[in-house]
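Enquirer: Supplied structure: input.cif, mmCIF, C-alpha atoms.
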data_input
loop_
_atom_site.label_atom_id
_atom_site.label_comp_id
_atom_site.auth_asym_id
_atom_site.auth_seq_id
_atom_site.Cartn_x
_atom_site.Cartn_y
_atom_site.Cartn_z
CA MET A 1 0.00 0.00 0.00
CA VAL A 2 2.79 2.39 0.95
CA ARG A 3 4.64 1.48 -2.26
CA GLU A 4 1.54 2.14 -4.38
CA GLU A 5 0.99 5.50 -2.69
CA GLY A 6 4.64 6.36 -3.38
CA GLN A 7 4.24 5.46 -7.04
CA LEU A 8 1.09 7.56 -7.30
CA GLY A 9 2.87 10.48 -5.68
CA PHE A 10 5.82 10.15 -8.07
CA ARG A 11 3.46 10.04 -11.05
CA ALA A 12 1.65 13.14 -9.81
CA ARG A 13 4.96 14.99 -9.42
CA LEU A 14 6.06 13.79 -12.87
CA LEU A 15 2.84 15.05 -14.43
CA GLY A 16 3.30 18.34 -12.62
CA TRP A 17 6.84 18.72 -13.96
CA ALA A 18 5.64 17.86 -17.48
CA ALA A 19 2.87 20.46 -17.23
CA ASP A 20 5.33 23.08 -15.99
CA LEU A 21 7.75 22.26 -18.80
CA ALA A 22 4.97 22.48 -21.39
CA LEU A 23 3.91 25.85 -19.95
CA VAL A 24 7.49 27.17 -20.09
CA LEU A 25 7.88 25.96 -23.69
CA TYR A 26 4.64 27.65 -24.70
CA PHE A 27 5.74 30.82 -22.89
CA VAL A 28 9.02 30.83 -24.84
CA PHE A 29 7.18 30.13 -28.10
CA ALA A 30 4.68 32.96 -27.51
CA LEU A 31 7.32 35.53 -26.59
CA PHE A 32 9.86 34.53 -29.24
CA PRO A 33 8.56 37.01 -31.88
CA ILE A 34 8.80 39.86 -29.39
CA GLY A 35 12.28 38.79 -28.37
CA TRP A 36 13.34 38.55 -32.00
CA MET A 37 12.02 42.07 -32.68
CA LEU A 38 13.95 43.33 -29.66
CA ILE A 39 17.13 41.76 -31.03
CA LEU A 40 16.54 43.32 -34.44
CA SER A 41 15.90 46.73 -32.94
CA LEU A 42 19.20 46.61 -31.01
CA LYS A 43 21.31 45.51 -33.96
CA PRO A 44 23.51 48.01 -35.83
CA ALA A 45 22.71 48.37 -39.51
CA ASP A 46 25.99 46.74 -40.59
CA GLN A 47 25.30 43.64 -38.45
CA LEU A 48 21.65 43.28 -39.32
CA PHE A 49 22.09 40.31 -41.69
CA SER A 50 25.55 39.09 -40.71
CA THR A 51 24.84 37.81 -37.20
CA TYR A 52 22.03 36.27 -35.15
CA PHE A 53 22.68 36.68 -31.44
CA SER A 54 26.30 37.89 -31.35
CA PHE A 55 26.33 41.63 -32.01
CA THR A 56 27.06 44.98 -30.41
CA PRO A 57 23.76 46.36 -29.01
CA THR A 58 22.91 49.95 -29.85
CA LEU A 59 19.94 52.29 -29.41
CA ASP A 60 20.51 54.01 -32.74
CA SER A 61 17.34 52.50 -34.20
CA TYR A 62 15.20 54.04 -31.45
CA ARG A 63 16.96 57.40 -31.82
CA THR A 64 16.32 57.30 -35.56
CA VAL A 65 12.67 56.34 -35.19
CA LEU A 66 11.86 58.87 -32.47
CA GLY A 67 14.01 61.56 -34.04
CA ASP A 68 12.28 61.34 -37.44
CA SER A 69 15.72 61.48 -39.08
CA GLU A 70 14.67 59.13 -41.90
CA GLY A 71 12.12 61.60 -43.22
CA ILE A 72 9.31 59.51 -41.71
CA PRO A 73 7.39 61.44 -39.00
CA PHE A 74 6.86 58.43 -36.75
CA THR A 75 6.43 60.65 -33.68
CA ARG A 76 3.48 62.33 -35.36
CA PHE A 77 2.03 58.93 -36.27
CA PHE A 78 2.38 57.94 -32.61
CA VAL A 79 0.51 61.05 -31.46
CA ASN A 80 -2.13 60.44 -34.13
CA SER A 81 -2.71 56.94 -32.77
CA LEU A 82 -3.11 58.27 -29.24
CA VAL A 83 -5.59 60.96 -30.30
CA VAL A 84 -7.61 58.65 -32.52
CA SER A 85 -7.69 55.68 -30.13
CA VAL A 86 -8.54 57.72 -27.03
CA GLY A 87 -11.14 59.71 -28.94
CA ALA A 88 -12.76 56.55 -30.31
CA VAL A 89 -12.92 54.92 -26.86
CA VAL A 90 -14.31 58.05 -25.15
CA LEU A 91 -17.01 58.49 -27.79
CA SER A 92 -17.90 54.79 -27.63
CA LEU A 93 -18.19 54.96 -23.84
CA LEU A 94 -20.44 58.03 -24.00
CA VAL A 95 -22.77 56.27 -26.43
CA GLY A 96 -22.24 52.65 -25.49
CA LEU A 97 -22.70 52.72 -21.71
CA PRO A 98 -26.26 54.16 -21.82
CA ALA A 99 -27.05 51.85 -24.75
CA ALA A 100 -25.78 48.80 -22.85
CA TYR A 101 -27.77 49.80 -19.75
CA ALA A 102 -30.94 50.32 -21.76
CA SER A 103 -30.56 47.01 -23.60
CA ALA A 104 -30.04 45.18 -20.29
CA ARG A 105 -33.05 46.75 -18.55
CA TRP A 106 -35.66 47.14 -21.30
CA ARG A 107 -36.60 44.31 -23.60
CA PHE A 108 -39.02 44.79 -26.49
CA LYS A 109 -39.98 42.95 -29.62
CA GLY A 110 -36.98 42.87 -31.91
CA SER A 111 -34.49 44.03 -29.25
CA GLU A 112 -32.35 40.91 -29.63
CA ASN A 113 -32.33 41.33 -33.40
CA LEU A 114 -31.23 44.92 -32.94
CA MET A 115 -28.38 43.87 -30.66
CA PHE A 116 -27.30 41.15 -33.06
CA THR A 117 -27.27 43.69 -35.89
CA LEU A 118 -25.01 45.89 -33.82
CA LEU A 119 -22.74 42.94 -33.08
CA SER A 120 -22.59 42.03 -36.77
CA LEU A 121 -20.87 45.37 -37.40
CA ARG A 122 -17.97 44.06 -35.33
CA PHE A 123 -17.84 40.70 -37.08
CA ALA A 124 -18.21 41.99 -40.64
CA PRO A 125 -14.92 42.11 -42.58
CA GLU A 126 -13.62 45.66 -42.78
CA LEU A 127 -12.84 45.25 -46.48
CA THR A 128 -16.56 44.91 -47.24
CA VAL A 129 -17.23 48.53 -46.20
CA ILE A 130 -13.93 50.23 -46.91
CA ILE A 131 -14.64 51.17 -50.56
CA PRO A 132 -17.97 52.97 -49.94
CA LEU A 133 -16.45 54.59 -46.85
CA PHE A 134 -13.53 55.83 -48.93
CA VAL A 135 -15.91 57.44 -51.43
CA LEU A 136 -18.02 59.01 -48.67
CA TYR A 137 -14.96 60.33 -46.86
CA GLN A 138 -13.70 61.96 -50.05
CA LYS A 139 -17.08 63.63 -50.60
CA LEU A 140 -17.53 64.76 -46.99
CA GLY A 141 -13.97 65.98 -46.46
CA LEU A 142 -13.28 63.43 -43.71
CA PHE A 143 -10.39 61.72 -45.49
CA ASP A 144 -7.14 61.87 -43.50
CA THR A 145 -8.73 63.63 -40.50
CA TYR A 146 -8.99 62.83 -36.80
CA VAL A 147 -12.78 63.14 -36.90
CA GLY A 148 -13.01 60.68 -39.76
CA MET A 149 -10.84 58.10 -38.03
CA ILE A 150 -12.64 58.44 -34.68
CA TRP A 151 -15.95 58.05 -36.47
CA VAL A 152 -15.01 54.95 -38.46
CA LEU A 153 -13.42 53.26 -35.45
CA GLN A 154 -16.85 53.19 -33.83
CA LEU A 155 -17.43 50.14 -36.02
CA VAL A 156 -14.66 48.48 -33.99
CA THR A 157 -15.14 49.81 -30.45
CA LEU A 158 -18.86 50.55 -30.04
CA PRO A 159 -20.26 47.01 -30.56
CA LEU A 160 -17.57 45.64 -28.24
CA ILE A 161 -18.45 48.06 -25.44
CA VAL A 162 -22.21 47.65 -25.79
CA TRP A 163 -22.18 43.86 -25.78
CA ILE A 164 -19.71 43.42 -22.93
CA MET A 165 -21.21 46.11 -20.71
CA ARG A 166 -24.68 44.79 -21.38
CA SER A 167 -23.78 41.60 -19.51
CA TYR A 168 -22.36 43.62 -16.61
CA PHE A 169 -25.53 45.66 -16.22
CA ALA A 170 -27.66 42.52 -16.58
CA ASP A 171 -25.82 40.99 -13.61
CA LEU A 172 -26.85 43.89 -11.38
CA THR A 173 -30.06 43.36 -9.47
CA PRO A 174 -32.76 45.85 -10.57
CA GLU A 175 -33.85 46.30 -6.95
CA LEU A 176 -30.91 48.65 -6.36
CA GLU A 177 -32.14 51.10 -8.99
CA GLN A 178 -35.76 50.68 -7.90
CA ALA A 179 -34.76 51.64 -4.36
CA ALA A 180 -33.03 54.73 -5.74
CA LEU A 181 -36.17 55.64 -7.69
CA LEU A 182 -38.24 55.32 -4.53
CA ASP A 183 -35.82 57.72 -2.81
CA GLY A 184 -36.62 60.36 -5.41
CA TYR A 185 -33.85 59.73 -7.93
CA SER A 186 -34.61 60.06 -11.62
CA ARG A 187 -33.77 57.21 -13.97
CA THR A 188 -30.72 59.15 -15.18
CA GLN A 189 -29.53 59.76 -11.63
CA ALA A 190 -30.04 56.09 -10.77
CA PHE A 191 -27.88 55.16 -13.74
CA PHE A 192 -25.02 57.53 -12.92
CA LYS A 193 -25.10 57.25 -9.10
CA VAL A 194 -26.10 53.62 -8.56
CA ALA A 195 -25.57 51.37 -11.59
CA LEU A 196 -22.50 52.93 -13.16
CA PRO A 197 -20.30 53.00 -10.01
CA LEU A 198 -20.98 49.30 -9.46
CA VAL A 199 -19.59 48.35 -12.88
CA LYS A 200 -16.44 50.51 -12.77
CA PRO A 201 -14.15 47.44 -13.02
CA GLY A 202 -16.04 46.37 -16.10
CA VAL A 203 -15.73 49.83 -17.62
CA ALA A 204 -11.96 49.73 -17.04
CA ALA A 205 -11.65 46.28 -18.62
CA VAL A 206 -13.76 47.07 -21.67
CA SER A 207 -12.03 50.44 -22.14
CA LEU A 208 -8.66 48.70 -22.31
CA LEU A 209 -9.95 46.13 -24.79
CA ALA A 210 -11.54 48.83 -26.95
CA PHE A 211 -8.33 50.89 -26.85
CA ILE A 212 -6.25 47.90 -27.96
CA PHE A 213 -8.63 47.13 -30.84
CA ALA A 214 -8.62 50.78 -31.94
CA TRP A 215 -4.85 51.10 -31.56
CA ASN A 216 -4.14 47.92 -33.55
CA ASN A 217 -6.55 48.61 -36.39
CA PHE A 218 -4.78 48.56 -39.73
CA VAL A 219 -7.26 48.55 -42.62
CA PHE A 220 -9.08 51.79 -41.83
CA PRO A 221 -5.99 54.01 -41.40
CA LEU A 222 -4.37 52.33 -44.41
CA ILE A 223 -7.20 53.35 -46.76
CA LEU A 224 -8.74 56.39 -45.08
CA THR A 225 -5.56 58.32 -44.23
CA SER A 226 -2.48 59.47 -46.09
CA SER A 227 -0.23 61.50 -43.79
CA GLN A 228 -1.99 63.90 -41.43
CA ALA A 229 -3.99 61.30 -39.46
CA GLN A 230 -1.94 58.20 -40.23
CA THR A 231 -1.38 55.88 -37.27
CA VAL A 232 1.57 53.81 -36.10
CA THR A 233 0.20 50.55 -37.51
CA VAL A 234 0.59 51.95 -41.01
CA GLY A 235 3.45 54.36 -40.31
CA ALA A 236 5.74 51.60 -39.02
CA LEU A 237 5.64 49.96 -42.44
CA SER A 238 7.16 53.08 -44.00
CA PHE A 239 10.58 51.86 -42.89
CA LEU A 240 10.20 48.79 -45.11
CA GLY A 241 10.09 50.89 -48.28
CA GLY A 242 13.00 51.87 -50.45
CA ASP A 243 15.77 49.82 -52.01
CA ARG A 244 16.82 48.18 -48.75
CA PRO A 245 14.16 47.50 -46.07
CA LYS A 246 15.25 48.74 -42.66
CA TYR A 247 14.10 45.87 -40.47
CA ASN A 248 15.85 47.25 -37.39
CA LEU A 249 13.90 50.52 -37.65
CA THR A 250 10.64 48.66 -38.26
CA ALA A 251 11.25 46.49 -35.20
CA ALA A 252 12.05 49.55 -33.07
CA ALA A 253 8.89 51.31 -34.29
CA ALA A 254 6.79 48.23 -33.54
CA LEU A 255 8.16 47.95 -29.99
CA VAL A 256 7.62 51.66 -29.33
CA SER A 257 4.02 51.30 -30.47
CA VAL A 258 3.45 48.59 -27.86
CA VAL A 259 4.19 50.97 -24.98
CA PRO A 260 0.81 52.80 -24.60
CA PRO A 261 -1.42 49.68 -24.37
CA LEU A 262 1.10 48.06 -22.02
CA LEU A 263 1.26 51.09 -19.73
CA LEU A 264 -2.52 51.39 -19.75
CA ALA A 265 -2.90 47.73 -18.82
CA LEU A 266 -0.42 48.10 -15.94
CA THR A 267 -2.11 51.28 -14.73
CA ILE A 268 -5.60 49.77 -14.51
CA GLN A 269 -4.44 46.27 -13.63
CA ARG A 270 -6.32 46.23 -10.34
CA TYR A 271 -9.59 47.18 -12.01
CA LEU A 272 -8.86 44.94 -14.97
CA VAL A 273 -8.64 41.77 -12.86
CA ARG A 274 -11.84 42.67 -11.01
CA GLY A 275 -13.57 43.55 -14.26
CA LEU A 276 -12.71 40.31 -16.00
CA SER A 277 -13.92 38.27 -13.01
CA PHE A 278 -17.01 40.40 -12.33
CA GLY A 279 -20.10 38.24 -12.20
CA ALA A 280 -18.14 35.00 -12.49
CA VAL A 281 -19.32 33.87 -9.06
CA LYS A 282 -22.91 34.50 -8.04
CA SER A 283 -24.45 33.86 -4.66
#
Output the structure of this file as structure tokens.
Expert:
Amino acid sequence: MVREEGQLGFRARLLGWAADLALVLYFVFALFPIGWMLILSLKPADQLFSTYFSFTPTLDSYRTVLGDSEGIPFTRFFVNSLVVSVGAVVLSLLVGLPAAYASARWRFKGSENLMFTLLSLRFAPELTVIIPLFVLYQKLGLFDTYVGMIWVLQLVTLPLIVWIMRSYFADLTPELEQAALLDGYSRTQAFFKVALPLVKPGVAAVSLLAFIFAWNNFVFPLILTSSQAQTVTVGALSFLGGDRPKYNLTAAAALVSVVPPLLLALTIQRYLVRGLSFGAVKS
């Protein structure tokens, strides 16, 4: 009996070690592209193709990218991405939070179809709408503008915010708002003073997700901008043009563009964890 228990314990430890090894291997596999980009960004131009891991590290690529010395205004593209992404998320929150609350509290005939139609805007391929949008933007003077980019990114951020926040509001018991109404609150006051504070973690989580989706969008800025409102996702590819692609500069630009979403995630990490687990356990 003791021997069998020892064998079972050894097998359990062996399975645990195998699981840990598999997790480490997957971790290395997932981070390898980022590590490779970091290596490329630190390589001098004359060692870019001659070595793999043995080279003299330098920050010249980052100085070139941030200093706009290649004639490519990457710093302006970076600022454009911040303005466009933040503007798109703020506008989506202003519209999406009341819409999510209303869809969670009031059901009517066709409400589910309406919500599914809104969700289909998120699932539809961007290439299916980009040509008519390009024509409209040319006619309306929205091409290569902040307003135009913030507007079109609502197709990306608004359905995400409405659908996710709808589930958060649905998890709240309506009795809380009914008690506020009995105390003399209006429906608007009950929303802002009772319901909204209770879903703050969810708002933080969905804001981060919406910001990442807006920041990473490629098709819309590729077609609907040229220079003034171009974002980093398109601007980083400018270093690949010319007779000799500058992979070290492209890698440096890509790593710089990762900084804002990463900093935002670290800043709201406490709310993010609560938001992602909100409603997972019910009494």
Enquirer: Set the distance at 12 Å and use all atoms listed in the file: which residues neighbour range 60-75 of chain A once local chain neighbours fewer than 3 positions away are removed? I'd like the list as a ChimeraX atom specification.
Expert: /A:37-45,48,56-57,78-82,227-242,246-257
Enquirer: Generate the output file for the selected residues, C-alpha atoms, as a PDB file, keeping the file's coordinate frame.
Expert:
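Contents of result25.pdb, as written:
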ATOM      1  CA  MET A  37      12.020  42.070 -32.680  1.00  0.00           C
ATOM      2  CA  LEU A  38      13.950  43.330 -29.660  1.00  0.00           C
ATOM      3  CA  ILE A  39      17.130  41.760 -31.030  1.00  0.00           C
ATOM      4  CA  LEU A  40      16.540  43.320 -34.440  1.00  0.00           C
ATOM      5  CA  SER A  41      15.900  46.730 -32.940  1.00  0.00           C
ATOM      6  CA  LEU A  42      19.200  46.610 -31.010  1.00  0.00           C
ATOM      7  CA  LYS A  43      21.310  45.510 -33.960  1.00  0.00           C
ATOM      8  CA  PRO A  44      23.510  48.010 -35.830  1.00  0.00           C
ATOM      9  CA  ALA A  45      22.710  48.370 -39.510  1.00  0.00           C
ATOM     10  CA  LEU A  48      21.650  43.280 -39.320  1.00  0.00           C
ATOM     11  CA  THR A  56      27.060  44.980 -30.410  1.00  0.00           C
ATOM     12  CA  PRO A  57      23.760  46.360 -29.010  1.00  0.00           C
ATOM     13  CA  PHE A  78       2.380  57.940 -32.610  1.00  0.00           C
ATOM     14  CA  VAL A  79       0.510  61.050 -31.460  1.00  0.00           C
ATOM     15  CA  ASN A  80      -2.130  60.440 -34.130  1.00  0.00           C
ATOM     16  CA  SER A  81      -2.710  56.940 -32.770  1.00  0.00           C
ATOM     17  CA  LEU A  82      -3.110  58.270 -29.240  1.00  0.00           C
ATOM     18  CA  SER A 227      -0.230  61.500 -43.790  1.00  0.00           C
ATOM     19  CA  GLN A 228      -1.990  63.900 -41.430  1.00  0.00           C
ATOM     20  CA  ALA A 229      -3.990  61.300 -39.460  1.00  0.00           C
ATOM     21  CA  GLN A 230      -1.940  58.200 -40.230  1.00  0.00           C
ATOM     22  CA  THR A 231      -1.380  55.880 -37.270  1.00  0.00           C
ATOM     23  CA  VAL A 232       1.570  53.810 -36.100  1.00  0.00           C
ATOM     24  CA  THR A 233       0.200  50.550 -37.510  1.00  0.00           C
ATOM     25  CA  VAL A 234       0.590  51.950 -41.010  1.00  0.00           C
ATOM     26  CA  GLY A 235       3.450  54.360 -40.310  1.00  0.00           C
ATOM     27  CA  ALA A 236       5.740  51.600 -39.020  1.00  0.00           C
ATOM     28  CA  LEU A 237       5.640  49.960 -42.440  1.00  0.00           C
ATOM     29  CA  SER A 238       7.160  53.080 -44.000  1.00  0.00           C
ATOM     30  CA  PHE A 239      10.580  51.860 -42.890  1.00  0.00           C
ATOM     31  CA  LEU A 240      10.200  48.790 -45.110  1.00  0.00           C
ATOM     32  CA  GLY A 241      10.090  50.890 -48.280  1.00  0.00           C
ATOM     33  CA  GLY A 242      13.000  51.870 -50.450  1.00  0.00           C
ATOM     34  CA  LYS A 246      15.250  48.740 -42.660  1.00  0.00           C
ATOM     35  CA  TYR A 247      14.100  45.870 -40.470  1.00  0.00           C
ATOM     36  CA  ASN A 248      15.850  47.250 -37.390  1.00  0.00           C
ATOM     37  CA  LEU A 249      13.900  50.520 -37.650  1.00  0.00           C
ATOM     38  CA  THR A 250      10.640  48.660 -38.260  1.00  0.00           C
ATOM     39  CA  ALA A 251      11.250  46.490 -35.200  1.00  0.00           C
ATOM     40  CA  ALA A 252      12.050  49.550 -33.070  1.00  0.00           C
ATOM     41  CA  ALA A 253       8.890  51.310 -34.290  1.00  0.00           C
ATOM     42  CA  ALA A 254       6.790  48.230 -33.540  1.00  0.00           C
ATOM     43  CA  LEU A 255       8.160  47.950 -29.990  1.00  0.00           C
ATOM     44  CA  VAL A 256       7.620  51.660 -29.330  1.00  0.00           C
ATOM     45  CA  SER A 257       4.020  51.300 -30.470  1.00  0.00           C
TER      46      SER A 257
END
Enquirer: Please enumerate the residues selected by the PyMOL selection byres ((chain A and resi 158-163) around 12) when evaluated against the supplied file, formatted as JSON, numbers by chain.
Expert: {"A": [88, 89, 90, 91, 92, 93, 94, 95, 96, 97, 98, 99, 100, 101, 102, 103, 104, 112, 114, 115, 116, 117, 118, 119, 120, 121, 122, 123, 124, 150, 151, 152, 153, 154, 155, 156, 157, 164, 165, 166, 167, 168, 169, 170, 202, 203, 204, 205, 206, 207, 208, 209, 210, 211, 212, 213, 214]}
Enquirer: So, counting all atoms listed in the file, which residue among A:Pro33, A:Glu126, A:Leu14, A:Gln269 is closest to Asn217 in chain A?
Expert: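 So, comparing all the options, the nearest one is A:Glu126.
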Enquirer: So what do you get for CA of Ala179 in chain A versus CA of Val194 in chain A, distance-wise?
Expert: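 Between CA of Ala179 in chain A and CA of Val194 in chain A the gap works out to 9.8 Å.
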Enquirer: If you measure from CA of Leu266 in chain A to CA of Gly148 in chain A, what distance in Å do you get, rounded to one decimal?
Expert: 29.7 Å
Enquirer: Give the centre and edge lengths of an axis-aligned box, in Å to one decimal, that holds all listed atoms of range 152-156 of chain A with 3 Å on each side, as AutoDock Vina command-line options.
Expert:
--center_x -15.4 --center_y 51.7 --center_z -36.1 --size_x 10.0 --size_y 12.5 --size_z 10.6
Enquirer: Just give me the gap between CA of Ala265 in chain A and CA of Val219 in chain A in Å, one decimal is fine.
Expert: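 So the two atoms, CA of Ala265 in chain A and CA of Val219 in chain A, lie 24.2 Å apart.
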Enquirer: Once the PyMOL selection byres ((chain A and resi 127-130) around 9) has been applied to the shown file, what residues remain in the selection, as a PyMOL selection string?
Expert: chain A and resi 124-126+131-135+219-220+223-224
